[in-house]
Each structure stands twice: as C-alpha cells, then as structure tokens.
Amino acid sequence: MLYYRKILKESNVKIGRFRSVFPCIHIIVFGACIGFAGSLFIEKVQCEVLAPIIPLFWHSTDLRMQEMAARTFGLSKSPSRNSQSCTRVQLCPRSRRFSRTSLSQTYTLSSGHIQRFSYDETQMLRDRLIFGKTVNDAAGSKICINKGHAPELIAYEPLAGGWNMVIMDALDIDNGLLTQRPGSYRPLSAMAVLDRLPLKEAITSLIEELHKYNGGYVHGDLRDTNVVVGDDNQFMLFDFDWAGPIEKACYPMYVNRTDVRRPEGAYGGEKIVVEHDLEMLKYMFPEQDGREPAAKRRRLSTGEGSSI
C-alpha cells in the first residue's frame with residue numbers, strides 16, 4: 001500500500017487522468033495463503049478487500065473453502081468487469097447461521113402466476129422443490145419430458161451464487177415389498193437384473209437421443225437409483241443436477257466413487273463425456289455371464305444414498 005501511495009505522490013500526471021472504476025488488483029501471497037484486493041486512483045489510498053485470505057491447505061472435507069477458492073480464482077480471471085459488478089458478488093458469506101429466509105420463496109409458472117411456497121416440513125409433497133446447479137439450462141431434461149420419461153418441469157429460475165431452482169412434478173414412489181400400487185413407481189435398483197432387461201433398449205435409446213439433442217447433452221449420473229419404473233414398465237429418469245451440454249458439463253467436487261461405481265475419468269472438476277453415460281448404462285444392465293445365478297443379484301445397484 002505504501003508503494004502504491006508513493007506512485008501516486010510522485011506522479012507528474014494529474015490524478016484525474018488516472019481515475020477509473022477499477023484499475024488495479026492486488027494479489028497478496030504469503031506462504032500458502034492468497035488474497036485479493038482492489039485499489040482506485042484517487043487523491044488518497046483507497047483499497048478494498050475483494051475476498052478473504054484463502055489458505056491453500058484446506059482439509060479435504062472443507063467443501064465451503066474449496067468452493068470459495070474456486071469462485072475467487074474464477075472472478076480474478078475476468079479483471080475487465082467493472083467494480084459495480086464485482087462488488088455485487090459475495091465471495092464469502094457472513095459469519096452467521098444460514099437463514100432460510102434468504103432463499104427464494106416464489107417461482108413463476110408458465111401462465112405468469114407467481115406461486116409462493118415455504119420450507120416447512122409440513123408442506124405438501126407436490127410442492128417440494130428440487131434444487132440443482134446446472135452448467136447452462138434445463139434443456140437437457142426437456143427431451144426426456146417431451147418423451148414422457150421425466151417429471152414435468154414446473155419452473156426453472158436462477159438463484160444467487162450460480163445455482164438454479166428447478167421445480168418438478170412429484171412422483172408417487174412405492175417402496176413397499178407388496179404388490180405395487182396402481183399408477184406408482186418403483187426404483188429400478190429394487191428390480192432383479194433379469195427383470196430390468198426389457199427396459200434396456202428403451203432407456204439406451206432415450207440417452208442416445210439426449211446425446212444428439214440440440215448439439216448434444218449428457219446426463220452425468222445415470223444410475224439405477226435415478227430411474228423409476230411404473231407398473232406398466234413406463235420409466236422415468238430424474239436427477240438432472242449434473243446434466244449439461246457436451247464439452248461444458250463437469251462433475252462437481254468430490255464425486256462419490258467409494259459407494260458408487262463410476263467410469264474412469266469421472267472425477268470432480270472433469271468434463272462429463274458421452275462415453276461416461278454409456279458406461280454407466282452398462283453398469284445399470286450388467287451382462288449375464290453365467291458365473292453367478294441371477295437370483296443372487298436381485299439387489300444389484302450402482303449406488304444408494306447421496307448423488308455425489
């Protein structure tokens with residue numbers, strides 16, 4: 001800061017000619033820590049911290065710190081943005097408990113009607129929301145919806161922080177052990193391997209169409225836990241959180257490879273490619289090799305629990 005002030009003081013050019021919105025970015029590095037600050041050319045030293053000091057030795061489970069670092073470095077790659085747009089980006093949330101009131105509590109229907117909702121545990125199943133962070137837009141799910149193989153997309157709106165709010169129709173999921181309720185769906189993961197085979201061609205065909213739709217889209221998380229089947233073998237595909245355009249969609253940080261079998265190259269930050277989707281389909285419909293009776297594979301699943 002003293003060196004910056006010295007430049008201003010010794011300059012023979014009028015300060016007014018140097019004035020601009022955001023002419024100088026300071027990168028502060030000490031040890032394994034880094035920080036960013038910005039200065040303005042005015043009559044006195046005017047410096048503002050743009051991001052907190054980030055330690056580059058965070059714990060592997062500290063996702064908040066990693067996300068903050070990624071967003072900070074991403075912003076630093078665009079110094080041409082004016083100061084007004086930069087100051088609107090909150091890189092580090094304030095030190096307080098997360099408040100649900102800061103989240104959106106409305107969404108707009110296709111008719112233009114603004115629908116309000118709450119985050120109460122007592123809300124109706126149909127009003128429950130699915131939040132997802134997508135690369136571009138919800139176009140990847142539209143072909144599946146148009147084919148009748150994904151829940152209806154009710155609304156899709158951007159939120160702060162680069163997230164998108166996706167509101168989809170709720171499905172009646174029957175997880176019981178008795179006869180399936182009429183009109184309900186059961187997870188593909190609960191079906192025996194042989195019982196899945198009649199669905200293989202239809203699901204594979206849908207994914208191939210997805211790869212060709214509007215320049216090509218990938219799903220990224222094709223697992224039997226993300227497919228449900230109706231009593232008439234009508235299937236539904238969901239969990240489009242990672243879906244996006246080919247060559248743009250990337251895996252989120254810390255993809256679960258411990259509990260979920262995934263293709264080689266499916267790691268956090270890497271691009272989701274068509275070959276990954278096709279490989280996941282093979283895991284969903286394993287070949288019968290004759291070395292093990294099918295009865296012993298009745299609960300074969302490509303993953304349970306969290307999608308990541």
# chains A, B, ... in the order shown; residues from 1 in each chain; ligands from 1
call {"tool": "residues_around", "arguments": {"residues": "Trp58 of chain A", "least_positions_apart": "3", "cutoff": "12 Å", "atoms": "only C-alpha atoms", "output": "list in words"}}
result
Ala32, Cys33, Ile54, Pro55, Thr61, Asp62, Leu63, Arg64, Met65, Gln66, Glu67, Met68 and Ala69 of chain A
call {"tool": "residues_around", "arguments": {"residues": "segment 198-206 of chain A", "least_positions_apart": "6", "cutoff": "8 Å", "atoms": "only C-alpha atoms", "output": "list in words"}}
result
Cys144, Asn233, Leu281 and Phe285 of chain A
call {"tool": "residues_around", "arguments": {"residues": "segment 146-161 of chain A", "least_positions_apart": "4", "cutoff": "7 Å", "atoms": "only C-alpha atoms", "output": "PyMOL selection string"}}
result
chain A and resi 107-109+142+165-169+235-238
call {"tool": "residues_around", "arguments": {"residues": "segment 215-232 of chain A", "least_positions_apart": "6", "cutoff": "9 Å", "atoms": "only C-alpha atoms", "output": "ChimeraX atom specification"}}
result
/A:139-141,173,180-190,207,209,238-247,249-251,260,262,266,272-274,276-278,280-281,283-285,301-305,307-308
call {"tool": "atom_distance", "arguments": {"atom1": "atom CA of Lys271 of chain A", "atom2": "atom CA of Met253 of chain A"}}
result
11.7 Å
call {"tool": "select_by_dssp", "arguments": {"residues": "segment 119-253 of chain A", "states": "alpha helix (DSSP H)", "output": "list in words"}}
result
Ala139, Gly140, Ser141, Lys142, Ile143, Cys144, Ile145, Asn146, Val193, Leu194, Asp195, Arg196, Leu197, Pro198, Leu199, Lys200, Glu201, Ala202, Ile203, Thr204, Ser205, Leu206, Ile207, Glu208, Glu209, Leu210, His211 and Lys212 of chain A
call {"tool": "atom_distance", "arguments": {"atom1": "atom CA of Lys212 of chain A", "atom2": "atom CA of Gln234 of chain A"}}
result
22.4 Å
